[in-house]
$ cat protein_10.cif   # mmCIF, C-alpha atoms
data_final
loop_
_atom_site.group_PDB
_atom_site.id
_atom_site.type_symbol
_atom_site.label_atom_id
_atom_site.label_comp_id
_atom_site.auth_asym_id
_atom_site.auth_seq_id
_atom_site.Cartn_x
_atom_site.Cartn_y
_atom_site.Cartn_z
ATOM 1 C CA GLU A 1 -4.618 29.214 94.948
ATOM 2 C CA PRO A 2 -2.164 28.507 92.125
ATOM 3 C CA GLU A 3 1.417 29.544 92.791
ATOM 4 C CA VAL A 4 4.838 29.522 91.218
ATOM 5 C CA THR A 5 7.132 26.923 92.736
ATOM 6 C CA GLN A 6 10.917 26.733 92.622
ATOM 7 C CA THR A 7 13.462 24.063 93.441
ATOM 8 C CA PRO A 8 15.792 23.780 95.178
ATOM 9 C CA SER A 9 15.233 26.377 97.875
ATOM 10 C CA HIS A 10 18.974 26.580 98.482
ATOM 11 C CA GLN A 11 21.845 25.521 96.224
ATOM 12 C CA VAL A 12 25.480 25.572 97.218
ATOM 13 C CA THR A 13 28.058 25.072 94.491
ATOM 14 C CA GLN A 14 31.721 25.485 93.799
ATOM 15 C CA MET A 15 32.927 28.233 91.499
ATOM 16 C CA GLY A 16 33.106 26.996 87.914
ATOM 17 C CA GLN A 17 30.373 24.408 88.345
ATOM 18 C CA GLU A 18 27.146 24.332 86.380
ATOM 19 C CA VAL A 19 23.839 24.818 88.154
ATOM 20 C CA ILE A 20 20.269 24.421 86.999
ATOM 21 C CA LEU A 21 17.509 26.216 88.833
ATOM 22 C CA ARG A 22 14.019 24.928 88.304
ATOM 23 C CA CYS A 23 10.651 26.600 88.273
ATOM 24 C CA VAL A 24 7.099 25.503 87.707
ATOM 25 C CA PRO A 25 5.070 28.521 86.617
ATOM 26 C CA ILE A 26 1.340 28.863 87.155
ATOM 27 C CA SER A 27 -0.284 26.452 84.728
ATOM 28 C CA ASN A 28 -2.270 28.793 82.476
ATOM 29 C CA HIS A 29 0.438 31.433 82.312
ATOM 30 C CA LEU A 30 2.228 32.099 79.054
ATOM 31 C CA TYR A 31 5.012 34.508 79.972
ATOM 32 C CA PHE A 32 7.945 33.518 82.163
ATOM 33 C CA TYR A 33 10.747 35.463 83.774
ATOM 34 C CA TRP A 34 13.877 35.124 85.836
ATOM 35 C CA TYR A 35 15.030 37.830 88.217
ATOM 36 C CA ARG A 36 17.777 37.857 90.787
ATOM 37 C CA GLN A 37 18.446 39.712 94.002
ATOM 38 C CA ILE A 38 21.939 39.984 95.359
ATOM 39 C CA LEU A 39 21.853 40.249 99.147
ATOM 40 C CA GLY A 40 20.839 43.744 100.207
ATOM 41 C CA GLN A 41 20.304 44.954 96.668
ATOM 42 C CA LYS A 42 17.459 45.500 94.230
ATOM 43 C CA VAL A 43 15.629 42.788 92.388
ATOM 44 C CA GLU A 44 17.072 42.757 88.859
ATOM 45 C CA PHE A 45 15.518 41.448 85.666
ATOM 46 C CA LEU A 46 17.452 38.713 83.875
ATOM 47 C CA VAL A 47 15.315 37.340 81.080
ATOM 48 C CA SER A 48 11.773 36.930 79.818
ATOM 49 C CA PHE A 49 10.495 33.993 77.785
ATOM 50 C CA TYR A 50 7.399 33.665 75.644
ATOM 51 C CA ASN A 51 6.290 31.227 73.006
ATOM 52 C CA ASN A 52 9.398 29.098 73.508
ATOM 53 C CA GLU A 53 11.887 31.834 72.924
ATOM 54 C CA ILE A 54 13.616 34.620 74.791
ATOM 55 C CA SER A 55 11.686 37.882 74.513
ATOM 56 C CA GLU A 56 14.172 40.085 76.247
ATOM 57 C CA LYS A 57 17.329 39.737 78.277
ATOM 58 C CA SER A 58 19.358 42.099 80.405
ATOM 59 C CA GLU A 59 23.086 42.784 80.280
ATOM 60 C CA ILE A 60 23.500 40.390 83.201
ATOM 61 C CA PHE A 61 22.190 37.518 81.091
ATOM 62 C CA ASP A 62 25.385 36.755 79.202
ATOM 63 C CA ASP A 63 26.545 33.590 77.439
ATOM 64 C CA GLN A 64 26.926 31.811 80.765
ATOM 65 C CA PHE A 65 23.170 31.869 81.249
ATOM 66 C CA SER A 66 20.495 29.974 79.368
ATOM 67 C CA VAL A 67 16.827 29.224 79.833
ATOM 68 C CA GLU A 68 14.724 26.359 78.697
ATOM 69 C CA ARG A 69 11.205 25.069 78.882
ATOM 70 C CA PRO A 70 11.938 21.349 78.526
ATOM 71 C CA ASP A 71 8.332 20.240 78.891
ATOM 72 C CA GLY A 72 4.892 21.716 79.394
ATOM 73 C CA SER A 73 5.411 22.620 83.006
ATOM 74 C CA ASN A 74 9.052 23.334 83.900
ATOM 75 C CA PHE A 75 11.080 26.441 83.201
ATOM 76 C CA THR A 76 14.798 26.281 83.967
ATOM 77 C CA LEU A 77 17.688 28.676 84.339
ATOM 78 C CA LYS A 78 21.156 27.253 83.742
ATOM 79 C CA ILE A 79 24.391 28.911 84.722
ATOM 80 C CA ARG A 80 27.200 27.115 82.909
ATOM 81 C CA SER A 81 30.228 28.131 84.935
ATOM 82 C CA THR A 82 29.297 29.860 88.166
ATOM 83 C CA LYS A 83 31.223 32.808 89.541
ATOM 84 C CA LEU A 84 31.334 34.134 93.079
ATOM 85 C CA GLU A 85 29.273 37.126 91.981
ATOM 86 C CA ASP A 86 26.453 34.840 90.855
ATOM 87 C CA SER A 87 25.598 34.280 94.509
ATOM 88 C CA ALA A 88 22.097 35.673 94.875
ATOM 89 C CA MET A 89 18.459 34.800 95.322
ATOM 90 C CA TYR A 90 16.971 33.815 91.967
ATOM 91 C CA PHE A 91 13.277 34.339 91.443
ATOM 92 C CA CYS A 92 11.101 32.863 88.759
ATOM 93 C CA ALA A 93 7.903 34.678 87.834
ATOM 94 C CA SER A 94 5.042 34.139 85.438
ATOM 95 C CA SER A 95 2.165 36.138 84.050
ATOM 96 C CA GLU A 96 -0.915 35.308 82.042
ATOM 97 C CA GLU A 97 -0.350 37.325 78.895
ATOM 98 C CA ALA A 98 2.102 39.930 77.702
ATOM 99 C CA SER A 99 -0.172 41.775 75.312
ATOM 100 C CA ARG A 100 -2.203 43.221 78.159
ATOM 101 C CA THR A 101 -1.161 44.327 81.576
ATOM 102 C CA THR A 102 -1.180 41.466 84.035
ATOM 103 C CA GLU A 103 0.397 40.795 87.349
ATOM 104 C CA GLN A 104 3.679 38.962 87.585
ATOM 105 C CA PHE A 105 3.578 36.308 90.271
ATOM 106 C CA PHE A 106 6.849 35.300 91.835
ATOM 107 C CA GLY A 107 8.051 32.028 93.255
ATOM 108 C CA PRO A 108 9.710 31.730 96.676
ATOM 109 C CA GLY A 109 13.179 31.877 95.170
ATOM 110 C CA THR A 110 16.309 29.736 95.089
ATOM 111 C CA ARG A 111 19.210 30.988 97.141
ATOM 112 C CA LEU A 112 22.389 30.246 95.187
ATOM 113 C CA THR A 113 25.654 30.307 97.094
ATOM 114 C CA VAL A 114 28.850 30.036 95.048
ATOM 115 C CA LEU A 115 31.952 29.145 97.047
ATOM 116 C CA SER B 1 16.611 59.181 91.100
ATOM 117 C CA GLN B 2 16.482 55.715 89.626
ATOM 118 C CA GLN B 3 13.412 54.098 88.071
ATOM 119 C CA GLY B 4 11.119 52.842 90.824
ATOM 120 C CA GLU B 5 12.751 54.562 93.765
ATOM 121 C CA GLU B 6 10.895 54.347 97.051
ATOM 122 C CA ASP B 7 10.927 56.610 100.042
ATOM 123 C CA PRO B 8 11.374 56.567 102.911
ATOM 124 C CA GLN B 9 14.006 53.844 102.965
ATOM 125 C CA ALA B 10 12.837 52.740 106.393
ATOM 126 C CA LEU B 11 9.671 53.350 108.318
ATOM 127 C CA SER B 12 8.823 52.407 111.890
ATOM 128 C CA ILE B 13 5.299 52.773 113.207
ATOM 129 C CA GLN B 14 3.088 51.565 116.008
ATOM 130 C CA GLU B 15 0.520 48.852 115.387
ATOM 131 C CA GLY B 16 -2.783 50.421 114.404
ATOM 132 C CA GLU B 17 -1.201 53.400 112.673
ATOM 133 C CA ASN B 18 -1.258 53.952 108.940
ATOM 134 C CA ALA B 19 1.867 53.492 106.847
ATOM 135 C CA THR B 20 2.453 55.511 103.698
ATOM 136 C CA MET B 21 5.202 54.586 101.285
ATOM 137 C CA ASN B 22 6.091 56.476 98.142
ATOM 138 C CA CYS B 23 7.607 55.497 94.848
ATOM 139 C CA SER B 24 8.934 57.721 92.090
ATOM 140 C CA TYR B 25 9.999 56.763 88.610
ATOM 141 C CA LYS B 26 11.538 58.486 85.623
ATOM 142 C CA THR B 27 10.262 56.994 82.379
ATOM 143 C CA SER B 28 6.756 56.394 81.025
ATOM 144 C CA ILE B 29 5.074 53.287 82.338
ATOM 145 C CA ASN B 30 2.274 50.912 81.430
ATOM 146 C CA ASN B 31 1.702 49.777 84.990
ATOM 147 C CA LEU B 32 3.111 49.874 88.484
ATOM 148 C CA GLN B 33 3.045 46.950 90.880
ATOM 149 C CA TRP B 34 3.705 46.782 94.598
ATOM 150 C CA TYR B 35 5.258 43.745 96.232
ATOM 151 C CA ARG B 36 5.997 42.673 99.794
ATOM 152 C CA GLN B 37 9.005 40.624 100.837
ATOM 153 C CA ASN B 38 9.464 39.133 104.253
ATOM 154 C CA SER B 39 13.078 38.760 105.307
ATOM 155 C CA GLY B 40 14.871 36.322 103.040
ATOM 156 C CA ARG B 41 11.659 35.150 101.455
ATOM 157 C CA GLY B 42 9.899 35.481 98.113
ATOM 158 C CA LEU B 43 8.042 38.414 96.620
ATOM 159 C CA VAL B 44 4.325 38.553 97.288
ATOM 160 C CA HIS B 45 2.262 40.506 94.787
ATOM 161 C CA LEU B 46 0.091 43.110 96.495
ATOM 162 C CA ILE B 47 -1.546 45.258 93.858
ATOM 163 C CA LEU B 48 -1.227 46.419 90.258
ATOM 164 C CA ILE B 49 -2.291 49.831 89.041
ATOM 165 C CA ARG B 50 -2.418 50.685 85.359
ATOM 166 C CA SER B 51 -1.252 53.955 83.891
ATOM 167 C CA ASN B 52 -4.840 55.027 83.171
ATOM 168 C CA GLU B 53 -5.907 54.437 86.772
ATOM 169 C CA ARG B 54 -5.508 56.880 89.616
ATOM 170 C CA GLU B 55 -6.422 54.845 92.673
ATOM 171 C CA LYS B 56 -7.016 51.233 93.639
ATOM 172 C CA HIS B 57 -8.007 49.516 96.838
ATOM 173 C CA SER B 58 -7.459 46.017 98.086
ATOM 174 C CA GLY B 59 -8.443 45.298 101.668
ATOM 175 C CA ARG B 60 -6.307 47.539 103.891
ATOM 176 C CA LEU B 61 -4.204 48.648 100.937
ATOM 177 C CA ARG B 62 -4.726 51.790 98.920
ATOM 178 C CA VAL B 63 -2.518 52.641 95.977
ATOM 179 C CA THR B 64 -2.478 55.909 94.071
ATOM 180 C CA LEU B 65 -0.742 56.759 90.852
ATOM 181 C CA ASP B 66 0.047 60.233 89.549
ATOM 182 C CA THR B 67 1.538 59.888 86.090
ATOM 183 C CA SER B 68 2.075 63.631 85.766
ATOM 184 C CA LYS B 69 4.376 63.524 88.794
ATOM 185 C CA LYS B 70 5.630 60.037 87.973
ATOM 186 C CA SER B 71 4.863 58.862 91.469
ATOM 187 C CA SER B 72 2.822 56.316 93.373
ATOM 188 C CA SER B 73 1.969 55.777 96.987
ATOM 189 C CA LEU B 74 1.028 52.706 98.955
ATOM 190 C CA LEU B 75 -1.057 53.220 102.076
ATOM 191 C CA ILE B 76 -1.521 50.435 104.581
ATOM 192 C CA THR B 77 -4.267 51.285 107.030
ATOM 193 C CA ALA B 78 -4.560 49.962 110.578
ATOM 194 C CA SER B 79 -1.153 48.322 110.388
ATOM 195 C CA ARG B 80 -0.385 45.030 112.121
ATOM 196 C CA ALA B 81 2.846 43.532 113.359
ATOM 197 C CA ALA B 82 2.502 40.995 110.531
ATOM 198 C CA ASP B 83 2.846 43.843 108.017
ATOM 199 C CA THR B 84 6.513 44.115 108.993
ATOM 200 C CA ALA B 85 8.392 43.482 105.744
ATOM 201 C CA SER B 86 10.149 45.173 102.850
ATOM 202 C CA TYR B 87 7.919 46.774 100.255
ATOM 203 C CA PHE B 88 8.935 47.301 96.637
ATOM 204 C CA CYS B 89 7.415 49.157 93.768
ATOM 205 C CA ALA B 90 8.081 47.796 90.306
ATOM 206 C CA THR B 91 7.329 49.530 87.057
ATOM 207 C CA GLY B 92 6.329 47.918 83.801
ATOM 208 C CA PRO B 93 7.326 49.918 80.724
ATOM 209 C CA THR B 94 5.173 50.913 77.806
ATOM 210 C CA GLY B 95 5.079 48.690 74.764
ATOM 211 C CA ALA B 96 5.340 44.953 74.470
ATOM 212 C CA ASN B 97 8.331 44.756 76.766
ATOM 213 C CA SER B 98 6.977 43.549 80.063
ATOM 214 C CA LYS B 99 9.986 43.271 82.340
ATOM 215 C CA LEU B 100 9.627 44.908 85.741
ATOM 216 C CA THR B 101 12.123 47.399 87.124
ATOM 217 C CA PHE B 102 12.264 47.340 90.903
ATOM 218 C CA GLY B 103 13.144 49.994 93.422
ATOM 219 C CA LYS B 104 15.426 49.423 96.383
ATOM 220 C CA GLY B 105 12.516 48.886 98.703
ATOM 221 C CA ILE B 106 11.211 50.288 101.965
ATOM 222 C CA THR B 107 11.696 48.462 105.230
ATOM 223 C CA LEU B 108 8.545 48.744 107.297
ATOM 224 C CA SER B 109 8.626 47.850 110.974
ATOM 225 C CA VAL B 110 5.345 47.709 112.838
ATOM 226 C CA ARG B 111 5.810 47.692 116.605
ATOM 227 C CA PRO B 112 3.235 45.701 118.569
#
$ encode --input "protein_10.cif" --output "structure tokens"
Amino acid sequence: EPEVTQTPSHQVTQMGQEVILRCVPISNHLYFYWYRQILGQKVEFLVSFYNNEISEKSEIFDDQFSVERPDGSNFTLKIRSTKLEDSAMYFCASSEEASRTTEQFFGPGTRLTVL
Amino acid sequence: SQQGEEDPQALSIQEGENATMNCSYKTSINNLQWYRQNSGRGLVHLILIRSNEREKHSGRLRVTLDTSKKSSSLLITASRAADTASYFCATGPTGANSKLTFGKGITLSVRP
């Protein structure tokens, strides 16, 4: 069964460093998302991406964040200068089509720890 | 209450019993999705129910949606120890915007 994959599973970085989290969405999916979950809190939407551009972003997704689809398979989230409060589990998700209701399938997550 | 708020916050049952979890939301929705998360792991999609649907089944899962009350319930029948996890409802808004808004989740413990 196709699934969303994410690498790395755990990333430890120093405050102020740049990190890139990688995702491979399900191959025939067209809509991509990043969410995050701070320990013990709700899953929060960060950004959605469709047709090679951002469709929507939340207030969390400020200038320190960017997304890219560098090739036909990868979808990345970059945090330019990490802060302590960026420590969280980051989930990538994908869905088939945005114009009709479809399920969003999530990857296993990358746990980001900022020291 | 916040969009996609579940209750109870924690539920402990004996294996074989049924587990019912509720979710309430405030704004109009296009769909509502339930997810399971094992401790520290990813989100597993369980079931999606559209705003024009009232009930859906998938194996031991039964989901209902009452748009007039802005609420949904997830029933797990004949629970197993392996069902122990956190369960989240997530709402998808109307219109082209398809982000999901998650609740805080329900921690289900199934005692063997």
$ atom_distance --input "protein_10.cif" --atom1 "atom CA of B:Glu15" --atom2 "atom CA of B:His57"
20.4 Å
$ resolve_selection --input "protein_10.cif" --expression "the PyMOL selection byres ((chain B and resi 68) around 12)" --output "JSON list (two decimals) with C-alpha atoms, in the coordinates of the input"
[["chain", "number", "residue", "atom", "x", "y", "z"],
["B", 24, "SER", "CA", 8.93, 57.72, 92.09],
["B", 25, "TYR", "CA", 10.00, 56.76, 88.61],
["B", 26, "LYS", "CA", 11.54, 58.49, 85.62],
["B", 27, "THR", "CA", 10.26, 56.99, 82.38],
["B", 28, "SER", "CA", 6.76, 56.39, 81.03],
["B", 29, "ILE", "CA", 5.07, 53.29, 82.34],
["B", 51, "SER", "CA", -1.25, 53.96, 83.89],
["B", 52, "ASN", "CA", -4.84, 55.03, 83.17],
["B", 54, "ARG", "CA", -5.51, 56.88, 89.62],
["B", 65, "LEU", "CA", -0.74, 56.76, 90.85],
["B", 66, "ASP", "CA", 0.05, 60.23, 89.55],
["B", 67, "THR", "CA", 1.54, 59.89, 86.09],
["B", 69, "LYS", "CA", 4.38, 63.52, 88.79],
["B", 70, "LYS", "CA", 5.63, 60.04, 87.97],
["B", 71, "SER", "CA", 4.86, 58.86, 91.47],
["B", 72, "SER", "CA", 2.82, 56.32, 93.37]]
$ atom_distance --input "protein_10.cif" --atom1 "atom CA of A:Arg111" --atom2 "atom CA of A:Ser9"
6.1 Å
$ residues_near_point --input "protein_10.cif" --point "(-5.1, 53.7, 93.5)" --cutoff "10 Å" --atoms "only C-alpha atoms" --output "ChimeraX atom specification"
/B:47-50,53-58,61-66,72-75
$ resolve_selection --input "protein_10.cif" --expression "the PyMOL selection byres ((chain A and resi 92) around 6)" --output "list in words"
Tyr33, Trp34, Phe91, Ala93, Phe106 and Gly107 of chain A
$ resolve_selection --input "protein_10.cif" --expression "the PyMOL selection byres ((chain B) within 12 of (chain A))" --output "VMD selection string"
chain B and resid 2 to 6 29 to 52 86 to 107
$ atom_distance --input "protein_10.cif" --atom1 "atom CA of A:Pro2" --atom2 "atom CA of A:Lys78"
24.8 Å
$ residues_around --input "protein_10.cif" --residues "A:Leu84" --least-positions-apart "4" --cutoff "10 Å" --atoms "all atoms listed in the file" --output "list in words"
Thr13, Gln14, Met15, Gly16, Ala88, Leu112, Thr113, Val114 and Leu115 of chain A
$ residues_near_point --input "protein_10.cif" --point "(10.3, 22.2, 85.0)" --cutoff "9 Å" --atoms "only C-alpha atoms" --output "list in words"
Gln6, Arg22, Cys23, Val24, Pro25, Glu68, Arg69, Pro70, Asp71, Gly72, Ser73, Asn74, Phe75 and Thr76 of chain A
$ residues_around --input "protein_10.cif" --residues "B:Arg80" --least-positions-apart "5" --cutoff "12 Å" --atoms "all atoms listed in the file" --output "VMD selection string"
chain B and resid 12 to 19 60 85 108 to 112
$ write_last_selection --input "protein_10.cif" --atoms "C-alpha atoms" --output "PDB file, in the coordinates of the input"
ATOM      1  CA  SER B  12       8.823  52.407 111.890  1.00  0.00           C
ATOM      2  CA  ILE B  13       5.299  52.773 113.207  1.00  0.00           C
ATOM      3  CA  GLN B  14       3.088  51.565 116.008  1.00  0.00           C
ATOM      4  CA  GLU B  15       0.520  48.852 115.387  1.00  0.00           C
ATOM      5  CA  GLY B  16      -2.783  50.421 114.404  1.00  0.00           C
ATOM      6  CA  GLU B  17      -1.201  53.400 112.673  1.00  0.00           C
ATOM      7  CA  ASN B  18      -1.258  53.952 108.940  1.00  0.00           C
ATOM      8  CA  ALA B  19       1.867  53.492 106.847  1.00  0.00           C
ATOM      9  CA  ARG B  60      -6.307  47.539 103.891  1.00  0.00           C
ATOM     10  CA  ALA B  85       8.392  43.482 105.744  1.00  0.00           C
ATOM     11  CA  LEU B 108       8.545  48.744 107.297  1.00  0.00           C
ATOM     12  CA  SER B 109       8.626  47.850 110.974  1.00  0.00           C
ATOM     13  CA  VAL B 110       5.345  47.709 112.838  1.00  0.00           C
ATOM     14  CA  ARG B 111       5.810  47.692 116.605  1.00  0.00           C
ATOM     15  CA  PRO B 112       3.235  45.701 118.569  1.00  0.00           C
TER      16      PRO B 112
END
$ build_atoms --input "protein_10.cif" --residues "stretch 1-37 of chain A" --atoms "N, CA and C atoms" --output "short mmCIF file (atom, residue, chain, number, x, y, z; two decimals), keeping the file's coordinate frame"
data_model
loop_
_atom_site.label_atom_id
_atom_site.label_comp_id
_atom_site.auth_asym_id
_atom_site.auth_seq_id
_atom_site.Cartn_x
_atom_site.Cartn_y
_atom_site.Cartn_z
N GLU A 1 -4.98 28.17 95.91
CA GLU A 1 -4.62 29.21 94.95
C GLU A 1 -3.34 28.81 94.21
N PRO A 2 -3.36 28.91 92.89
CA PRO A 2 -2.16 28.51 92.12
C PRO A 2 -0.97 29.38 92.50
N GLU A 3 0.22 28.78 92.47
CA GLU A 3 1.42 29.54 92.79
C GLU A 3 2.60 29.03 91.98
N VAL A 4 3.59 29.89 91.87
CA VAL A 4 4.84 29.52 91.22
C VAL A 4 5.70 28.78 92.24
N THR A 5 6.25 27.66 91.83
CA THR A 5 7.13 26.92 92.74
C THR A 5 8.54 26.87 92.16
N GLN A 6 9.52 26.77 93.04
CA GLN A 6 10.92 26.73 92.62
C GLN A 6 11.66 25.69 93.44
N THR A 7 12.59 25.01 92.75
CA THR A 7 13.46 24.06 93.44
C THR A 7 14.87 24.18 92.91
N PRO A 8 15.90 23.95 93.73
CA PRO A 8 15.79 23.78 95.18
C PRO A 8 15.58 25.12 95.86
N SER A 9 15.37 25.11 97.16
CA SER A 9 15.23 26.38 97.88
C SER A 9 16.61 26.98 98.13
N HIS A 10 17.62 26.11 98.26
CA HIS A 10 18.97 26.58 98.48
C HIS A 10 19.94 25.66 97.73
N GLN A 11 20.85 26.28 96.99
CA GLN A 11 21.84 25.52 96.22
C GLN A 11 23.22 26.08 96.55
N VAL A 12 24.10 25.19 96.96
CA VAL A 12 25.48 25.57 97.22
C VAL A 12 26.35 24.89 96.18
N THR A 13 27.23 25.64 95.55
CA THR A 13 28.06 25.07 94.49
C THR A 13 29.45 25.67 94.53
N GLN A 14 30.36 24.98 93.89
CA GLN A 14 31.72 25.48 93.80
C GLN A 14 31.85 26.35 92.56
N MET A 15 32.66 27.36 92.64
CA MET A 15 32.93 28.23 91.50
C MET A 15 33.35 27.40 90.28
N GLY A 16 32.78 27.72 89.13
CA GLY A 16 33.11 27.00 87.91
C GLY A 16 32.15 25.85 87.61
N GLN A 17 31.33 25.49 88.57
CA GLN A 17 30.37 24.41 88.34
C GLN A 17 29.11 24.93 87.66
N GLU A 18 28.42 24.01 87.03
CA GLU A 18 27.15 24.33 86.38
C GLU A 18 26.01 24.13 87.37
N VAL A 19 25.03 25.01 87.33
CA VAL A 19 23.84 24.82 88.15
C VAL A 19 22.60 24.99 87.28
N ILE A 20 21.57 24.28 87.65
CA ILE A 20 20.27 24.42 87.00
C ILE A 20 19.24 24.71 88.08
N LEU A 21 18.57 25.83 87.91
CA LEU A 21 17.51 26.22 88.83
C LEU A 21 16.18 25.94 88.14
N ARG A 22 15.27 25.38 88.89
CA ARG A 22 14.02 24.93 88.30
C ARG A 22 12.82 25.70 88.83
N CYS A 23 11.86 25.84 87.96
CA CYS A 23 10.65 26.60 88.27
C CYS A 23 9.47 25.91 87.62
N VAL A 24 8.36 25.92 88.32
CA VAL A 24 7.10 25.50 87.71
C VAL A 24 6.17 26.70 87.78
N PRO A 25 5.96 27.35 86.63
CA PRO A 25 5.07 28.52 86.62
C PRO A 25 3.62 28.12 86.85
N ILE A 26 2.77 29.11 87.03
CA ILE A 26 1.34 28.86 87.16
C ILE A 26 0.83 28.31 85.83
N SER A 27 -0.04 27.31 85.89
CA SER A 27 -0.28 26.45 84.73
C SER A 27 -0.86 27.17 83.52
N ASN A 28 -1.69 28.15 83.66
CA ASN A 28 -2.27 28.79 82.48
C ASN A 28 -1.50 30.05 82.06
N HIS A 29 -0.35 30.27 82.66
CA HIS A 29 0.44 31.43 82.31
C HIS A 29 1.29 31.16 81.08
N LEU A 30 1.54 32.24 80.33
CA LEU A 30 2.23 32.10 79.05
C LEU A 30 3.58 32.79 79.02
N TYR A 31 3.80 33.70 79.98
CA TYR A 31 5.01 34.51 79.97
C TYR A 31 5.81 34.19 81.23
N PHE A 32 7.12 33.97 81.05
CA PHE A 32 7.94 33.52 82.16
C PHE A 32 9.18 34.41 82.28
N TYR A 33 9.64 34.54 83.50
CA TYR A 33 10.75 35.46 83.77
C TYR A 33 11.70 34.86 84.80
N TRP A 34 12.93 35.33 84.75
CA TRP A 34 13.88 35.12 85.84
C TRP A 34 14.40 36.49 86.27
N TYR A 35 14.45 36.65 87.58
CA TYR A 35 15.03 37.83 88.22
C TYR A 35 16.04 37.34 89.25
N ARG A 36 16.91 38.23 89.67
CA ARG A 36 17.78 37.86 90.79
C ARG A 36 17.91 39.03 91.74
N GLN A 37 18.27 38.69 92.98
CA GLN A 37 18.45 39.71 94.00
C GLN A 37 19.69 39.37 94.80
#
